[in-house]
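target-v9.pdb (PDB, C-alpha atoms) appears below.
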ATOM      1  CA  MET A   1     -79.614  20.805 -35.875
ATOM      2  CA  SER A   2     -81.019  17.372 -35.118
ATOM      3  CA  THR A   3     -78.939  14.885 -33.159
ATOM      4  CA  THR A   4     -81.358  11.994 -33.628
ATOM      5  CA  ALA A   5     -80.960  11.111 -37.314
ATOM      6  CA  ALA A   6     -77.356   9.925 -37.434
ATOM      7  CA  PRO A   7     -76.880   7.418 -40.261
ATOM      8  CA  GLU A   8     -76.107   3.925 -38.985
ATOM      9  CA  ARG A   9     -72.812   3.907 -40.895
ATOM     10  CA  PHE A  10     -71.416   6.626 -38.614
ATOM     11  CA  ILE A  11     -72.067   4.752 -35.373
ATOM     12  CA  SER A  12     -71.582   1.087 -36.326
ATOM     13  CA  LEU A  13     -68.501  -0.848 -35.306
ATOM     14  CA  PRO A  14     -66.392  -2.284 -38.150
ATOM     15  CA  ASP A  15     -65.994  -5.977 -38.788
ATOM     16  CA  GLU A  16     -62.693  -7.602 -37.875
ATOM     17  CA  PRO A  17     -61.173  -7.586 -41.413
ATOM     18  CA  THR A  18     -61.866  -3.845 -41.718
ATOM     19  CA  LEU A  19     -60.350  -3.149 -38.304
ATOM     20  CA  GLU A  20     -57.264  -5.202 -39.086
ATOM     21  CA  ALA A  21     -56.804  -3.582 -42.523
ATOM     22  CA  THR A  22     -57.063  -0.105 -40.999
ATOM     23  CA  VAL A  23     -54.485  -0.939 -38.338
ATOM     24  CA  VAL A  24     -52.070  -2.118 -41.034
ATOM     25  CA  ALA A  25     -52.658   1.050 -43.066
ATOM     26  CA  LEU A  26     -52.055   3.280 -40.038
ATOM     27  CA  GLU A  27     -48.799   1.496 -39.245
ATOM     28  CA  GLU A  28     -47.678   1.856 -42.861
ATOM     29  CA  HIS A  29     -48.185   5.620 -42.507
ATOM     30  CA  GLY A  30     -45.935   5.898 -39.451
ATOM     31  CA  PHE A  31     -48.523   5.646 -36.659
ATOM     32  CA  SER A  32     -48.243   3.074 -33.895
ATOM     33  CA  VAL A  33     -51.540   1.407 -32.992
ATOM     34  CA  GLU A  34     -52.954  -0.422 -29.988
ATOM     35  CA  VAL A  35     -56.389  -2.082 -30.047
ATOM     36  CA  VAL A  36     -58.112  -2.405 -26.660
ATOM     37  CA  ARG A  37     -61.389  -3.924 -25.550
ATOM     38  CA  ASP A  38     -63.054  -1.127 -23.544
ATOM     39  CA  LEU A  39     -62.798   2.299 -21.914
ATOM     40  CA  ASP A  40     -60.909   1.123 -18.834
ATOM     41  CA  ALA A  41     -58.333  -0.648 -20.981
ATOM     42  CA  ALA A  42     -57.939   2.493 -23.079
ATOM     43  CA  ARG A  43     -57.234   4.610 -19.994
ATOM     44  CA  GLN A  44     -54.694   2.106 -18.728
ATOM     45  CA  ALA A  45     -52.994   1.940 -22.130
ATOM     46  CA  VAL A  46     -52.669   5.721 -22.370
ATOM     47  CA  LEU A  47     -51.408   6.293 -18.832
ATOM     48  CA  ALA A  48     -48.871   3.482 -19.209
ATOM     49  CA  ARG A  49     -47.236   5.384 -22.081
ATOM     50  CA  ILE A  50     -46.744   8.678 -20.213
ATOM     51  CA  PRO A  51     -43.775   9.017 -17.830
ATOM     52  CA  GLU A  52     -44.520  10.628 -14.478
ATOM     53  CA  GLY A  53     -43.763  14.350 -14.470
ATOM     54  CA  SER A  54     -44.408  14.795 -18.208
ATOM     55  CA  SER A  55     -46.271  17.877 -19.341
ATOM     56  CA  VAL A  56     -49.591  16.640 -20.733
ATOM     57  CA  MET A  57     -52.305  18.564 -22.564
ATOM     58  CA  THR A  58     -55.755  16.990 -22.534
ATOM     59  CA  ASN A  59     -57.579  18.631 -25.411
ATOM     60  CA  THR A  60     -61.357  18.936 -25.141
ATOM     61  CA  SER A  61     -62.746  15.512 -25.987
ATOM     62  CA  VAL A  62     -65.814  13.517 -25.007
ATOM     63  CA  THR A  63     -63.675  10.396 -25.443
ATOM     64  CA  LEU A  64     -61.047  11.586 -22.942
ATOM     65  CA  ALA A  65     -63.818  12.429 -20.479
ATOM     66  CA  GLU A  66     -65.701   9.147 -20.852
ATOM     67  CA  THR A  67     -62.556   7.021 -20.525
ATOM     68  CA  GLY A  68     -61.493   8.890 -17.376
ATOM     69  CA  ILE A  69     -58.225   9.947 -19.011
ATOM     70  CA  ALA A  70     -58.843  13.670 -18.620
ATOM     71  CA  ALA A  71     -59.586  13.282 -14.903
ATOM     72  CA  ALA A  72     -56.514  11.104 -14.372
ATOM     73  CA  ILE A  73     -54.235  13.728 -15.940
ATOM     74  CA  ASN A  74     -55.810  16.881 -14.528
ATOM     75  CA  GLY A  75     -56.951  15.624 -11.136
ATOM     76  CA  GLY A  76     -53.736  15.941  -9.189
ATOM     77  CA  GLY A  77     -51.928  12.812 -10.359
ATOM     78  CA  PRO A  78     -48.227  12.401 -11.178
ATOM     79  CA  TYR A  79     -48.396  14.533 -14.334
ATOM     80  CA  ASP A  80     -47.776  18.190 -15.158
ATOM     81  CA  SER A  81     -51.205  19.228 -16.449
ATOM     82  CA  ALA A  82     -50.874  21.787 -19.248
ATOM     83  CA  ARG A  83     -54.639  22.343 -19.138
ATOM     84  CA  ASN A  84     -54.533  23.313 -15.471
ATOM     85  CA  LYS A  85     -51.699  25.737 -16.191
ATOM     86  CA  MET A  86     -53.650  27.278 -19.049
ATOM     87  CA  LEU A  87     -56.812  27.694 -16.985
ATOM     88  CA  ALA A  88     -54.822  29.605 -14.363
ATOM     89  CA  LEU A  89     -54.025  32.317 -16.929
ATOM     90  CA  ASP A  90     -56.148  35.176 -18.274
ATOM     91  CA  PHE A  91     -57.200  34.715 -21.905
ATOM     92  CA  VAL A  92     -57.431  38.462 -22.560
ATOM     93  CA  THR A  93     -53.925  39.345 -21.373
ATOM     94  CA  GLN A  94     -52.039  36.032 -21.526
ATOM     95  CA  ALA A  95     -53.360  34.348 -24.679
ATOM     96  CA  GLN A  96     -49.919  33.831 -26.207
ATOM     97  CA  GLN A  97     -48.637  32.153 -23.071
ATOM     98  CA  MET A  98     -51.684  29.895 -23.124
ATOM     99  CA  LYS A  99     -50.986  28.956 -26.744
ATOM    100  CA  ALA A 100     -47.374  28.114 -25.928
ATOM    101  CA  ILE A 101     -48.359  25.911 -22.995
ATOM    102  CA  GLY A 102     -51.112  24.072 -24.861
ATOM    103  CA  GLY A 103     -49.298  23.851 -28.163
ATOM    104  CA  GLN A 104     -45.957  22.370 -27.099
ATOM    105  CA  PRO A 105     -46.446  19.779 -24.347
ATOM    106  CA  ASP A 106     -44.510  16.556 -23.970
ATOM    107  CA  TYR A 107     -47.790  14.742 -24.700
ATOM    108  CA  ALA A 108     -50.922  15.998 -26.445
ATOM    109  CA  LEU A 109     -53.977  13.805 -25.872
ATOM    110  CA  GLY A 110     -57.227  13.864 -27.802
ATOM    111  CA  SER A 111     -59.330  12.031 -30.322
ATOM    112  CA  VAL A 112     -60.144  12.211 -34.018
ATOM    113  CA  HIS A 113     -63.441  12.419 -35.876
ATOM    114  CA  ALA A 114     -62.582   9.797 -38.466
ATOM    115  CA  ILE A 115     -59.917   7.343 -39.586
ATOM    116  CA  THR A 116     -59.956   6.321 -43.232
ATOM    117  CA  ARG A 117     -59.410   2.797 -44.489
ATOM    118  CA  ASP A 118     -56.085   3.857 -46.043
ATOM    119  CA  GLY A 119     -54.751   5.248 -42.751
ATOM    120  CA  THR A 120     -55.500   8.984 -42.640
ATOM    121  CA  LEU A 121     -56.463  10.695 -39.373
ATOM    122  CA  VAL A 122     -59.082  13.456 -39.696
ATOM    123  CA  ILE A 123     -59.752  16.010 -36.944
ATOM    124  CA  ALA A 124     -62.214  18.915 -37.091
ATOM    125  CA  SER A 125     -62.113  21.918 -34.777
ATOM    126  CA  ALA A 126     -64.097  25.093 -34.257
ATOM    127  CA  SER A 127     -61.106  27.257 -33.272
ATOM    128  CA  GLY A 128     -58.151  25.062 -34.237
ATOM    129  CA  SER A 129     -56.676  25.407 -30.744
ATOM    130  CA  GLN A 130     -55.603  21.765 -30.529
ATOM    131  CA  LEU A 131     -54.455  21.282 -34.105
ATOM    132  CA  ALA A 132     -51.016  22.908 -33.824
ATOM    133  CA  SER A 133     -49.920  20.431 -31.162
ATOM    134  CA  TYR A 134     -51.199  17.502 -33.206
ATOM    135  CA  ALA A 135     -49.540  18.612 -36.430
ATOM    136  CA  TRP A 136     -46.148  19.645 -35.042
ATOM    137  CA  GLY A 137     -45.905  21.237 -31.593
ATOM    138  CA  ALA A 138     -46.252  18.309 -29.198
ATOM    139  CA  ALA A 139     -43.329  15.936 -28.776
ATOM    140  CA  ASN A 140     -45.784  13.034 -28.596
ATOM    141  CA  VAL A 141     -49.454  12.666 -29.536
ATOM    142  CA  ILE A 142     -51.892  10.009 -28.361
ATOM    143  CA  PHE A 143     -55.291   9.715 -30.021
ATOM    144  CA  VAL A 144     -57.969   7.644 -28.282
ATOM    145  CA  VAL A 145     -60.601   6.576 -30.786
ATOM    146  CA  GLY A 146     -63.786   4.524 -30.731
ATOM    147  CA  ALA A 147     -63.758   2.031 -33.585
ATOM    148  CA  GLN A 148     -67.082   3.376 -34.885
ATOM    149  CA  LYS A 149     -65.060   6.265 -36.348
ATOM    150  CA  LEU A 150     -63.477   4.090 -39.034
ATOM    151  CA  VAL A 151     -64.684   5.163 -42.496
ATOM    152  CA  PRO A 152     -63.832   4.013 -46.027
ATOM    153  CA  THR A 153     -62.694   7.313 -47.607
ATOM    154  CA  LEU A 154     -61.839  10.963 -46.976
ATOM    155  CA  GLU A 155     -65.200  11.909 -48.458
ATOM    156  CA  ALA A 156     -66.905   9.689 -45.904
ATOM    157  CA  ALA A 157     -64.748  11.258 -43.170
ATOM    158  CA  HIS A 158     -65.996  14.731 -44.090
ATOM    159  CA  GLN A 159     -69.569  13.477 -44.257
ATOM    160  CA  ARG A 160     -69.158  11.996 -40.787
ATOM    161  CA  ILE A 161     -67.889  15.314 -39.450
ATOM    162  CA  TYR A 162     -70.716  17.427 -40.851
ATOM    163  CA  GLN A 163     -73.618  14.985 -40.619
ATOM    164  CA  HIS A 164     -72.793  13.307 -37.308
ATOM    165  CA  SER A 165     -70.044  14.896 -35.199
ATOM    166  CA  LEU A 166     -70.994  18.545 -35.679
ATOM    167  CA  PRO A 167     -74.647  18.224 -34.608
ATOM    168  CA  LEU A 168     -73.606  16.379 -31.455
ATOM    169  CA  GLU A 169     -70.811  18.833 -30.672
ATOM    170  CA  ASP A 170     -73.149  21.753 -31.356
ATOM    171  CA  ALA A 171     -75.580  20.439 -28.747
ATOM    172  CA  ARG A 172     -72.731  19.884 -26.281
ATOM    173  CA  ALA A 173     -71.338  23.385 -26.850
ATOM    174  CA  GLN A 174     -74.721  24.995 -26.333
ATOM    175  CA  ALA A 175     -75.174  23.132 -23.053
ATOM    176  CA  ALA A 176     -71.608  23.793 -21.848
ATOM    177  CA  TYR A 177     -70.889  27.283 -23.185
ATOM    178  CA  GLY A 178     -74.230  28.688 -24.344
ATOM    179  CA  GLN A 179     -73.030  28.994 -27.941
ATOM    180  CA  HIS A 180     -73.103  27.059 -31.190
ATOM    181  CA  SER A 181     -70.168  25.081 -32.547
ATOM    182  CA  GLN A 182     -68.853  25.073 -36.090
ATOM    183  CA  VAL A 183     -66.256  23.410 -38.292
ATOM    184  CA  GLY A 184     -63.655  26.142 -38.491
ATOM    185  CA  LYS A 185     -60.657  24.004 -39.474
ATOM    186  CA  ILE A 186     -59.977  20.409 -40.476
ATOM    187  CA  LEU A 187     -56.614  18.701 -40.045
ATOM    188  CA  GLU A 188     -55.741  15.617 -42.095
ATOM    189  CA  ILE A 189     -52.668  13.680 -40.960
ATOM    190  CA  HIS A 190     -51.607  11.398 -43.798
ATOM    191  CA  GLN A 191     -48.089  10.497 -42.666
ATOM    192  CA  GLU A 192     -45.925  10.815 -39.563
ATOM    193  CA  LEU A 193     -42.397  10.005 -38.545
ATOM    194  CA  PRO A 194     -42.538   6.694 -36.647
ATOM    195  CA  GLY A 195     -42.789   7.004 -32.886
ATOM    196  CA  ARG A 196     -44.530  10.365 -32.522
ATOM    197  CA  ILE A 197     -48.258   9.573 -32.892
ATOM    198  CA  HIS A 198     -49.879   6.611 -31.142
ATOM    199  CA  VAL A 199     -53.484   5.561 -31.772
ATOM    200  CA  VAL A 200     -55.473   3.645 -29.164
ATOM    201  CA  LEU A 201     -58.462   2.044 -30.906
ATOM    202  CA  ILE A 202     -61.324   0.956 -28.673
ATOM    203  CA  ARG A 203     -63.560  -1.936 -29.702
ATOM    204  CA  GLN A 204     -66.706  -0.056 -28.688
ATOM    205  CA  PRO A 205     -68.413   3.217 -29.584
ATOM    206  CA  VAL A 206     -67.223   6.253 -27.643
ATOM    207  CA  GLY A 207     -67.182   9.968 -28.413
ATOM    208  CA  PHE A 208     -68.486  11.842 -31.437
TER
END
Structure translated into structure tokens:
Amino acid sequence: MSTTAAPERFISLPDEPTLEATVVALEEHGFSVEVVRDLDAARQAVLARIPEGSSVMTNTSVTLAETGIAAAINGGGPYDSARNKMLALDFVTQAQQMKAIGGQPDYALGSVHAITRDGTLVIASASGSQLASYAWGAANVIFVVGAQKLVPTLEAAHQRIYQHSLPLEDARAQAAYGQHSQVGKILEIHQELPGRIHVVLIRQPVGF
């Protein structure tokens, strides 16, 4: 799959009225939202929300890597890294323990592939390993999202996943794991009880 022909609409930043309207829609659907200027500000915003000693799962995400959030959580800081605990286990014999650790942390961190104008979060996954924590298992969820992922409709969100995100993730997976990626499952979060899911929107492109 080509990674060079991404339509401009999938990588362009929104204008200010679109950004503001999306923030309002997200808040109306129970999500709290914070708009920050750059990657450093995003990292600071996320870490400021997590109490020291909390169990934190950093789900696989180019955005978490590029902002330095993954390294800050898993690199020996003041947090209880669920990812480090999982990696210490054997997938063949301890898979259920790994699912419990990764699926029910105090904080689940990640990104989304699209946010619709009416305030729906859309996340695609090959295995679905992170989706349980986002939908229900984690006590708190923080999504870190480049503003280029704002789209007008759910149809556009799905187009973005298949036409833009998947080719890029496929190339990353081949380089990292020697295997192709796929869209195995898609989670749409339309509504949430206030206080559980926080969205940090970055005013620059980051991630797929």
- [ ] Extract, using all atoms listed in the file, all DNA, RNA and protein residues at most 10 Å from Asp40 in chain A, discarding same-chain residues fewer than 2 positions from it, and format them as a ChimeraX atom specification.
- [x] /A:36-38,42-45,66-69,202
TODO: Give as a PyMOL selection string the residues that the PyMOL selection byres ((chain A and resi 103) around 9) matches when applied to the coordinates above.
DONE: chain A and resi 57+98-102+104-105+108+129-134+136-138
TODO: Report the residues retrieved by the PyMOL selection byres ((chain A and resi 199) around 7) from the displayed file, expressed as a list of chain:residue names.
DONE: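 Matching residues under the PyMOL selection byres ((chain A and resi 199) around 7) are A:Phe31, A:Ser32, A:Val33, A:Glu34, A:Ile142, A:Phe143, A:Val144, A:Ile197, A:His198, A:Val200, A:Leu201.
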Open item on the list: Between CA of His190 in chain A and CA of Met86 in chain A, what distance in Å does the model show, to one decimal?
Closed with: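 According to the coordinates, CA of His190 in chain A and CA of Met86 in chain A are separated by 29.5 Å.
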TODO: Could you tell me how far CA of Glu52 in chain A lies from CA of Leu89 in chain A, in Å and to one decimal?
DONE: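 These two atoms are separated by 23.8 Å.
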TODO: Provide the CA of Arg83 in chain A to CA of Ile186 in chain A distance in Å, to one decimal place.
DONE: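 About the pair CA of Arg83 in chain A and CA of Ile186 in chain A: they are 22.1 Å apart.
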Open item on the list: Let me make sure I understand: among A:Gly146, A:Pro17, A:Pro51, A:Gly178, which one has the smallest atom-to-atom distance to Pro78 in chain A if we use only C-alpha atoms?
Closed with: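 Between A:Gly146, A:Pro17, A:Pro51, A:Gly178, the residue approaching Pro78 in chain A most closely is A:Pro51.
Of the listed residues (A:Leu64, A:Ala70, A:Leu121, A:Leu166), A:Leu121 comes nearest to Gly30 in chain A; the distances count all atoms listed in the file.
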- [ ] For the file shown, report as number ranges by chain the outcome of the PyMOL selection byres ((chain A and resi 20) around 12) at residue level.
- [x] A: 14-19, 21-27, 33-35, 117-119, 147, 150, 201, 203
Open item on the list: (-69.5, 13.3, -37.9) in this file's frame - what residues fall within 9 Å of it? Use all atoms listed in the file and give the answer as a PyMOL selection string.
Closed with: chain A and resi 6+10+113-114+149+157-168+208
Open item on the list: The residues within 8 Å of (-42.0, 14.3, -28.2), using only C-alpha atoms and the coordinates of the file, should be reported as a PyMOL selection string; which are they?
Closed with: chain A and resi 106-107+138-141+196
Open item on the list: Measuring between all atoms listed in the file, which one of A:Leu187, A:Val62, A:Ala156, A:Leu109 shows the shortest distance to Val122 in chain A?
Closed with: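 Result for the nearest residue to Val122 in chain A: A:Leu187.
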Open item on the list: Report as a list in words all protein, DNA and RNA residues lying within 9 Å of Gln182 in chain A, evaluated on only C-alpha atoms, omitting residues in the same chain fewer than 5 positions from it.
Closed with: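 Residues meeting the cut-off are Ser125, Ala126, Ser127, Leu166, Glu169 and Asp170 of chain A.
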Go ahead and write the selection's residues with C-alpha atoms as a short mmCIF file (atom, residue, chain, number, x, y, z; two decimals), in the coordinates of the input.
data_model
loop_
_atom_site.label_atom_id
_atom_site.label_comp_id
_atom_site.auth_asym_id
_atom_site.auth_seq_id
_atom_site.Cartn_x
_atom_site.Cartn_y
_atom_site.Cartn_z
CA SER A 125 -62.11 21.92 -34.78
CA ALA A 126 -64.10 25.09 -34.26
CA SER A 127 -61.11 27.26 -33.27
CA LEU A 166 -70.99 18.55 -35.68
CA GLU A 169 -70.81 18.83 -30.67
CA ASP A 170 -73.15 21.75 -31.36
#
